[in-house]
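**Q** Contents of coords04.pdb (PDB, C-alpha atoms, pLDDT in the B column):
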ATOM      1  CA  MET F   1    -159.391 -94.673 -46.327  1.00 58.00           C
ATOM      2  CA  ALA F   2    -158.732 -93.506 -42.765  1.00 74.00           C
ATOM      3  CA  LEU F   3    -159.278 -96.072 -40.053  1.00 86.00           C
ATOM      4  CA  GLN F   4    -162.155 -95.237 -37.732  1.00 91.00           C
ATOM      5  CA  LYS F   5    -162.735 -98.480 -35.870  1.00 96.00           C
ATOM      6  CA  ILE F   6    -160.109-101.063 -34.927  1.00 97.00           C
ATOM      7  CA  ALA F   7    -160.690-104.441 -33.285  1.00 98.00           C
ATOM      8  CA  LEU F   8    -158.229-105.664 -30.682  1.00 98.00           C
ATOM      9  CA  VAL F   9    -158.674-109.441 -30.890  1.00 98.00           C
ATOM     10  CA  THR F  10    -158.172-111.754 -27.899  1.00 98.00           C
ATOM     11  CA  CYS F  11    -157.211-114.978 -29.660  1.00 98.00           C
ATOM     12  CA  SER F  12    -156.998-117.708 -27.006  1.00 98.00           C
ATOM     13  CA  THR F  13    -160.110-119.534 -25.783  1.00 97.00           C
ATOM     14  CA  ARG F  14    -158.582-121.791 -23.137  1.00 93.00           C
ATOM     15  CA  GLU F  15    -159.791-121.670 -19.554  1.00 91.00           C
ATOM     16  CA  THR F  16    -157.739-119.672 -17.030  1.00 92.00           C
ATOM     17  CA  ARG F  17    -156.418-117.337 -19.700  1.00 95.00           C
ATOM     18  CA  LEU F  18    -153.614-114.809 -19.667  1.00 97.00           C
ATOM     19  CA  ASN F  19    -154.738-113.448 -23.032  1.00 98.00           C
ATOM     20  CA  PRO F  20    -157.441-111.029 -21.769  1.00 98.00           C
ATOM     21  CA  PHE F  21    -154.919-109.397 -19.417  1.00 98.00           C
ATOM     22  CA  ILE F  22    -152.389-108.897 -22.217  1.00 98.00           C
ATOM     23  CA  THR F  23    -155.105-107.515 -24.498  1.00 98.00           C
ATOM     24  CA  GLN F  24    -156.213-105.010 -21.860  1.00 98.00           C
ATOM     25  CA  TYR F  25    -152.586-104.029 -21.323  1.00 97.00           C
ATOM     26  CA  VAL F  26    -152.114-103.381 -25.043  1.00 98.00           C
ATOM     27  CA  LYS F  27    -155.300-101.317 -25.087  1.00 97.00           C
ATOM     28  CA  LYS F  28    -153.992 -99.261 -22.166  1.00 96.00           C
ATOM     29  CA  ILE F  29    -150.737 -98.556 -24.030  1.00 96.00           C
ATOM     30  CA  LEU F  30    -152.669 -97.436 -27.100  1.00 96.00           C
ATOM     31  CA  SER F  31    -155.044 -95.235 -25.086  1.00 93.00           C
ATOM     32  CA  ASP F  32    -152.269 -92.626 -24.943  1.00 88.00           C
ATOM     33  CA  GLU F  33    -151.975 -92.441 -28.736  1.00 90.00           C
ATOM     34  CA  LYS F  34    -153.383 -89.403 -30.489  1.00 86.00           C
ATOM     35  CA  TRP F  35    -156.076 -90.867 -32.678  1.00 87.00           C
ATOM     36  CA  GLU F  36    -159.716 -89.960 -33.145  1.00 87.00           C
ATOM     37  CA  GLY F  37    -160.985 -93.444 -33.901  1.00 92.00           C
ATOM     38  CA  LYS F  38    -162.231 -96.195 -31.629  1.00 96.00           C
ATOM     39  CA  ILE F  39    -160.567 -99.379 -30.377  1.00 97.00           C
ATOM     40  CA  GLU F  40    -162.826-102.231 -29.254  1.00 98.00           C
ATOM     41  CA  ILE F  41    -161.981-105.687 -27.958  1.00 98.00           C
ATOM     42  CA  ILE F  42    -163.239-108.841 -29.675  1.00 98.00           C
ATOM     43  CA  ASP F  43    -162.820-111.970 -27.542  1.00 98.00           C
ATOM     44  CA  LEU F  44    -162.946-115.179 -29.588  1.00 98.00           C
ATOM     45  CA  GLU F  45    -164.039-117.091 -26.496  1.00 97.00           C
ATOM     46  CA  ALA F  46    -167.307-115.130 -26.471  1.00 97.00           C
ATOM     47  CA  HIS F  47    -168.138-116.214 -30.037  1.00 96.00           C
ATOM     48  CA  SER F  48    -167.876-119.970 -29.343  1.00 95.00           C
ATOM     49  CA  LEU F  49    -167.174-120.864 -32.969  1.00 98.00           C
ATOM     50  CA  PRO F  50    -167.254-124.621 -33.608  1.00 98.00           C
ATOM     51  CA  LEU F  51    -164.588-126.218 -35.775  1.00 98.00           C
ATOM     52  CA  TYR F  52    -165.075-124.737 -39.244  1.00 98.00           C
ATOM     53  CA  ASN F  53    -168.251-126.256 -40.699  1.00 98.00           C
ATOM     54  CA  GLU F  54    -169.403-124.056 -43.597  1.00 98.00           C
ATOM     55  CA  PRO F  55    -169.965-125.939 -46.890  1.00 97.00           C
ATOM     56  CA  ALA F  56    -168.914-123.049 -49.137  1.00 96.00           C
ATOM     57  CA  ILE F  57    -165.400-121.713 -49.707  1.00 97.00           C
ATOM     58  CA  PRO F  58    -165.492-118.184 -48.209  1.00 98.00           C
ATOM     59  CA  SER F  59    -163.536-116.576 -51.046  1.00 98.00           C
ATOM     60  CA  LEU F  60    -166.166-117.751 -53.550  1.00 98.00           C
ATOM     61  CA  LEU F  61    -169.001-115.890 -51.836  1.00 98.00           C
ATOM     62  CA  PRO F  62    -170.073-112.374 -52.970  1.00 97.00           C
ATOM     63  CA  SER F  63    -167.359-109.912 -51.950  1.00 97.00           C
ATOM     64  CA  THR F  64    -169.687-106.994 -51.231  1.00 95.00           C
ATOM     65  CA  ASN F  65    -171.864-108.730 -48.640  1.00 96.00           C
ATOM     66  CA  PRO F  66    -171.026-112.364 -47.893  1.00 98.00           C
ATOM     67  CA  THR F  67    -172.864-112.418 -44.544  1.00 98.00           C
ATOM     68  CA  PRO F  68    -176.299-113.665 -45.670  1.00 98.00           C
ATOM     69  CA  HIS F  69    -174.737-116.398 -47.802  1.00 98.00           C
ATOM     70  CA  TYR F  70    -173.377-118.409 -44.886  1.00 98.00           C
ATOM     71  CA  VAL F  71    -175.374-121.463 -43.818  1.00 98.00           C
ATOM     72  CA  HIS F  72    -174.911-121.247 -40.063  1.00 98.00           C
ATOM     73  CA  GLU F  73    -176.088-118.495 -37.739  1.00 98.00           C
ATOM     74  CA  HIS F  74    -172.798-118.517 -35.801  1.00 98.00           C
ATOM     75  CA  THR F  75    -170.959-117.751 -39.051  1.00 98.00           C
ATOM     76  CA  ARG F  76    -173.345-114.960 -40.004  1.00 98.00           C
ATOM     77  CA  ALA F  77    -172.916-113.425 -36.542  1.00 98.00           C
ATOM     78  CA  TRP F  78    -169.124-113.682 -36.805  1.00 98.00           C
ATOM     79  CA  SER F  79    -169.165-112.194 -40.311  1.00 98.00           C
ATOM     80  CA  LYS F  80    -171.302-109.283 -39.172  1.00 98.00           C
ATOM     81  CA  THR F  81    -168.971-108.607 -36.243  1.00 98.00           C
ATOM     82  CA  VAL F  82    -165.803-108.611 -38.341  1.00 98.00           C
ATOM     83  CA  ARG F  83    -167.254-106.539 -41.185  1.00 98.00           C
ATOM     84  CA  GLN F  84    -167.830-103.525 -38.948  1.00 97.00           C
ATOM     85  CA  TYR F  85    -164.094-102.969 -38.341  1.00 97.00           C
ATOM     86  CA  ASP F  86    -161.621-101.130 -40.559  1.00 95.00           C
ATOM     87  CA  GLY F  87    -158.529-102.808 -39.115  1.00 96.00           C
ATOM     88  CA  PHE F  88    -157.390-105.408 -36.611  1.00 98.00           C
ATOM     89  CA  ILE F  89    -154.734-106.052 -34.004  1.00 98.00           C
ATOM     90  CA  PHE F  90    -154.429-109.732 -33.112  1.00 98.00           C
ATOM     91  CA  VAL F  91    -153.112-110.392 -29.590  1.00 98.00           C
ATOM     92  CA  THR F  92    -152.070-114.026 -29.519  1.00 98.00           C
ATOM     93  CA  PRO F  93    -150.054-116.470 -27.438  1.00 98.00           C
ATOM     94  CA  GLN F  94    -147.597-118.886 -28.983  1.00 98.00           C
ATOM     95  CA  TYR F  95    -148.636-122.550 -28.877  1.00 97.00           C
ATOM     96  CA  ASN F  96    -145.971-125.013 -30.062  1.00 97.00           C
ATOM     97  CA  TRP F  97    -144.301-122.459 -32.341  1.00 96.00           C
ATOM     98  CA  SER F  98    -147.599-121.332 -33.840  1.00 98.00           C
ATOM     99  CA  ILE F  99    -150.936-119.714 -33.058  1.00 98.00           C
ATOM    100  CA  PRO F 100    -153.900-121.184 -31.136  1.00 98.00           C
ATOM    101  CA  ALA F 101    -156.293-123.344 -33.149  1.00 98.00           C
ATOM    102  CA  SER F 102    -159.072-120.995 -32.033  1.00 98.00           C
ATOM    103  CA  LEU F 103    -157.502-118.126 -33.987  1.00 98.00           C
ATOM    104  CA  LYS F 104    -156.809-120.166 -37.137  1.00 98.00           C
ATOM    105  CA  ASN F 105    -160.384-121.457 -37.014  1.00 98.00           C
ATOM    106  CA  ALA F 106    -161.850-117.958 -36.639  1.00 98.00           C
ATOM    107  CA  LEU F 107    -159.780-116.679 -39.554  1.00 98.00           C
ATOM    108  CA  ASP F 108    -160.716-119.596 -41.815  1.00 98.00           C
ATOM    109  CA  TYR F 109    -164.455-118.946 -41.433  1.00 98.00           C
ATOM    110  CA  LEU F 110    -164.241-115.733 -43.465  1.00 98.00           C
ATOM    111  CA  TYR F 111    -162.396-114.165 -46.375  1.00 98.00           C
ATOM    112  CA  TRP F 112    -163.855-110.943 -47.776  1.00 98.00           C
ATOM    113  CA  GLU F 113    -164.392-109.604 -44.253  1.00 98.00           C
ATOM    114  CA  TRP F 114    -160.587-109.671 -43.770  1.00 98.00           C
ATOM    115  CA  ASN F 115    -159.514-108.982 -47.335  1.00 97.00           C
ATOM    116  CA  GLY F 116    -157.592-105.749 -47.916  1.00 95.00           C
ATOM    117  CA  LYS F 117    -157.781-104.552 -44.315  1.00 96.00           C
ATOM    118  CA  PRO F 118    -154.695-103.565 -42.286  1.00 96.00           C
ATOM    119  CA  ALA F 119    -153.609-105.851 -39.473  1.00 97.00           C
ATOM    120  CA  GLY F 120    -151.174-105.625 -36.588  1.00 97.00           C
ATOM    121  CA  ILE F 121    -149.892-108.540 -34.520  1.00 98.00           C
ATOM    122  CA  VAL F 122    -148.913-108.655 -30.834  1.00 98.00           C
ATOM    123  CA  THR F 123    -147.610-111.912 -29.384  1.00 98.00           C
ATOM    124  CA  TYR F 124    -146.618-113.288 -26.016  1.00 98.00           C
ATOM    125  CA  GLY F 125    -144.845-116.417 -24.799  1.00 97.00           C
ATOM    126  CA  GLY F 126    -141.838-117.692 -22.893  1.00 96.00           C
ATOM    127  CA  LYS F 127    -139.537-115.876 -25.317  1.00 96.00           C
ATOM    128  CA  GLY F 128    -142.076-113.382 -26.613  1.00 97.00           C
ATOM    129  CA  GLY F 129    -143.947-115.552 -29.116  1.00 98.00           C
ATOM    130  CA  GLY F 130    -142.011-114.641 -32.256  1.00 97.00           C
ATOM    131  CA  LYS F 131    -142.696-117.958 -34.008  1.00 98.00           C
ATOM    132  CA  ALA F 132    -146.446-117.380 -33.632  1.00 98.00           C
ATOM    133  CA  GLY F 133    -146.041-113.887 -35.027  1.00 98.00           C
ATOM    134  CA  ASP F 134    -144.203-115.121 -38.097  1.00 98.00           C
ATOM    135  CA  HIS F 135    -146.778-117.833 -38.761  1.00 98.00           C
ATOM    136  CA  LEU F 136    -149.740-115.492 -38.258  1.00 98.00           C
ATOM    137  CA  GLN F 137    -148.227-112.952 -40.620  1.00 98.00           C
ATOM    138  CA  GLN F 138    -148.109-115.594 -43.363  1.00 98.00           C
ATOM    139  CA  ILE F 139    -151.748-116.534 -42.742  1.00 98.00           C
ATOM    140  CA  LEU F 140    -152.922-112.921 -42.833  1.00 98.00           C
ATOM    141  CA  THR F 141    -150.966-112.339 -46.028  1.00 97.00           C
ATOM    142  CA  GLY F 142    -152.841-115.302 -47.513  1.00 97.00           C
ATOM    143  CA  LEU F 143    -156.083-113.523 -46.601  1.00 98.00           C
ATOM    144  CA  ARG F 144    -154.723-110.483 -48.487  1.00 97.00           C
ATOM    145  CA  MET F 145    -154.542-108.381 -45.338  1.00 97.00           C
ATOM    146  CA  LYS F 146    -151.988-105.569 -45.108  1.00 95.00           C
ATOM    147  CA  THR F 147    -149.776-106.598 -42.213  1.00 96.00           C
ATOM    148  CA  VAL F 148    -147.510-104.284 -40.256  1.00 96.00           C
ATOM    149  CA  SER F 149    -143.964-105.668 -40.220  1.00 95.00           C
ATOM    150  CA  ILE F 150    -143.306-104.653 -36.593  1.00 97.00           C
ATOM    151  CA  ILE F 151    -144.518-107.469 -34.302  1.00 98.00           C
ATOM    152  CA  PRO F 152    -144.133-106.722 -30.567  1.00 98.00           C
ATOM    153  CA  GLY F 153    -143.620-109.775 -28.341  1.00 98.00           C
ATOM    154  CA  PHE F 154    -144.198-109.869 -24.587  1.00 98.00           C
ATOM    155  CA  PRO F 155    -142.025-112.401 -22.710  1.00 97.00           C
ATOM    156  CA  VAL F 156    -144.091-114.098 -19.993  1.00 97.00           C
ATOM    157  CA  GLY F 157    -143.703-116.862 -17.428  1.00 92.00           C
ATOM    158  CA  SER F 158    -145.901-118.781 -15.020  1.00 88.00           C
ATOM    159  CA  HIS F 159    -145.477-115.937 -12.548  1.00 94.00           C
ATOM    160  CA  THR F 160    -147.198-113.615 -15.024  1.00 96.00           C
ATOM    161  CA  MET F 161    -150.375-115.696 -15.033  1.00 94.00           C
ATOM    162  CA  ASP F 162    -150.311-116.130 -11.249  1.00 95.00           C
ATOM    163  CA  SER F 163    -149.897-112.422 -10.600  1.00 96.00           C
ATOM    164  CA  CYS F 164    -152.585-111.458 -13.125  1.00 96.00           C
ATOM    165  CA  LEU F 165    -155.097-113.755 -11.467  1.00 94.00           C
ATOM    166  CA  LYS F 166    -154.117-112.487  -8.033  1.00 95.00           C
ATOM    167  CA  GLU F 167    -153.974-108.770  -8.851  1.00 94.00           C
ATOM    168  CA  ASN F 168    -156.469-108.737 -11.742  1.00 95.00           C
ATOM    169  CA  GLY F 169    -153.922-107.073 -13.980  1.00 96.00           C
ATOM    170  CA  ILE F 170    -150.275-106.899 -15.048  1.00 96.00           C
ATOM    171  CA  ASN F 171    -147.914-106.523 -12.101  1.00 94.00           C
ATOM    172  CA  LYS F 172    -145.195-103.926 -11.651  1.00 94.00           C
ATOM    173  CA  ASP F 173    -142.296-106.325 -12.304  1.00 94.00           C
ATOM    174  CA  ASP F 174    -143.586-107.472 -15.703  1.00 95.00           C
ATOM    175  CA  HIS F 175    -144.426-103.891 -16.610  1.00 95.00           C
ATOM    176  CA  GLU F 176    -140.862-102.787 -15.851  1.00 96.00           C
ATOM    177  CA  VAL F 177    -139.317-105.668 -17.808  1.00 95.00           C
ATOM    178  CA  TRP F 178    -141.456-105.023 -20.865  1.00 97.00           C
ATOM    179  CA  GLN F 179    -140.790-101.306 -20.699  1.00 95.00           C
ATOM    180  CA  SER F 180    -137.018-101.801 -20.347  1.00 96.00           C
ATOM    181  CA  ARG F 181    -136.963-104.178 -23.335  1.00 96.00           C
ATOM    182  CA  GLY F 182    -138.807-101.691 -25.500  1.00 97.00           C
ATOM    183  CA  VAL F 183    -141.889-103.852 -26.025  1.00 98.00           C
ATOM    184  CA  GLU F 184    -144.300-101.040 -25.199  1.00 97.00           C
ATOM    185  CA  GLU F 185    -142.569 -98.752 -27.680  1.00 97.00           C
ATOM    186  CA  LYS F 186    -142.854-101.445 -30.357  1.00 98.00           C
ATOM    187  CA  VAL F 187    -146.601-101.640 -29.674  1.00 98.00           C
ATOM    188  CA  ARG F 188    -146.843 -97.908 -30.316  1.00 97.00           C
ATOM    189  CA  LEU F 189    -144.765 -98.161 -33.504  1.00 96.00           C
ATOM    190  CA  MET F 190    -146.908-101.052 -34.725  1.00 97.00           C
ATOM    191  CA  PHE F 191    -150.024 -98.986 -34.111  1.00 97.00           C
ATOM    192  CA  GLN F 192    -148.590 -95.989 -35.944  1.00 94.00           C
ATOM    193  CA  GLY F 193    -147.863 -98.227 -38.921  1.00 94.00           C
ATOM    194  CA  LEU F 194    -151.435 -99.457 -38.831  1.00 95.00           C
ATOM    195  CA  ILE F 195    -152.919 -95.958 -38.690  1.00 92.00           C
ATOM    196  CA  GLU F 196    -150.603 -94.309 -41.181  1.00 83.00           C
ATOM    197  CA  ASN F 197    -150.946 -97.177 -43.665  1.00 65.00           C
ATOM    198  CA  SER F 198    -147.155 -97.388 -43.741  1.00 42.00           C
ATOM    199  CA  ASN F 199    -144.566-100.079 -43.039  1.00 43.00           C
ATOM    200  CA  PHE F 200    -146.791-102.683 -44.662  1.00 46.00           C
ATOM    201  CA  GLN F 201    -145.315-105.790 -46.213  1.00 43.00           C
TER     202      GLN F 201
END
Would you mind giving the structure from this file in structure tokens?
**A**
Amino acid sequence: MALQKIALVTCSTRETRLNPFITQYVKKILSDEKWEGKIEIIDLEAHSLPLYNEPAIPSLLPSTNPTPHYVHEHTRAWSKTVRQYDGFIFVTPQYNWSIPASLKNALDYLYWEWNGKPAGIVTYGGKGGGKAGDHLQQILTGLRMKTVSIIPGFPVGSHTMDSCLKENGINKDDHEVWQSRGVEEKVRLMFQGLIENSNFQ
């Protein structure tokens, strides 16, 4: 089935975040791609999910429509949000060689809403966030998502956060570094793999 609606997920919920700037930057890169569908941003911070507190195991709920079977309203709202998308691109920082707890928590709340859908991963960190990408790919595989093997990683430093807050966007120097290292091209290749349903693991 052709993808019509893709969610670009901002995965960090910490205060003073770089994540929204990186997500917007990825969306800008993808805006040049020839594709008739729609890309929308989901920010996990806006959903305020508490630490996973559903009594049922998500995979044991009805696969066709699990939403009404959750106990908590915040879970039903999250389920409804995720179900409307055909595919996902997770934009995540690397925390201690892995992903933020906020992302793992949001993934654990659901199962059938993720199951079988294609997923791309974009990371960032001091060295690009590759460890987080590897870990997230394993988690998404466990959810039976179809992950794209190309995982772009943006190298960032404290200057990146400072400049984003000051300029309300990615500065010229970071843009040039990422472009010269081929990160932007990898984002495009990852997206093509997502759309064409190819290069899946």
**Q** Residues picked by the PyMOL selection byres ((chain F and resi 29-40) around 9) here, as a VMD selection string?
**A** chain F and resid 3 to 9 24 to 28 41 to 42 184 to 185 187 to 188 191 to 192 195
**Q** Name every residue that the PyMOL selection byres ((chain F and resi 153-169) around 9) selects in this structure, writing the answer as a ChimeraX atom specification with chains first and numbers rising.
**A** /F:16-18,21-22,24-25,121-130,133,151-152,170-171,174,177-178,183-184,186-187
**Q** Interatomic distance between atom CA of F:Leu143 and atom CA of F:Thr92?
**A**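 According to the coordinates, atom CA of F:Leu143 and atom CA of F:Thr92 are separated by 17.6 Å.
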**Q** For this structure, which residues satisfy the selection - the PyMOL selection byres ((chain F and resi 48-51) around 10) - when it is evaluated on the file as given? I want them as a count of residues only.
**A** 19
**Q** Which residues, written as a PyMOL selection string, have at least one atom at most 12 Å from stretch 58-66 of chain F, with only C-alpha atoms counted and residues fewer than 5 positions away on the same chain left out?
**A** chain F and resi 52-53+71+75-80+82-84+107-116+142-144
**Q** I need the residue nearest F:Gln138 from this list: F:Ile99, F:Lys172, F:Tyr85, F:Gln94. Use all atoms listed in the file for the distance.
**A** F:Ile99
**Q** To one decimal in Å, tell me the separation between atom CA of F:Trp97 and atom CA of F:Thr147.
**A**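 That distance, rounded to one decimal, is 19.5 Å.
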**Q** Enclose stretch 116-126 of chain F, meaning all of its atoms listed in the file, in a box aligned along x, y and z, pad it by 6 Å on each side, and list the centre and edge lengths in Å to one decimal, as JSON.
**A**
{"center_x": -149.8, "center_y": -110.6, "center_z": -35.4, "size_x": 27.9, "size_y": 26.1, "size_z": 37.0}
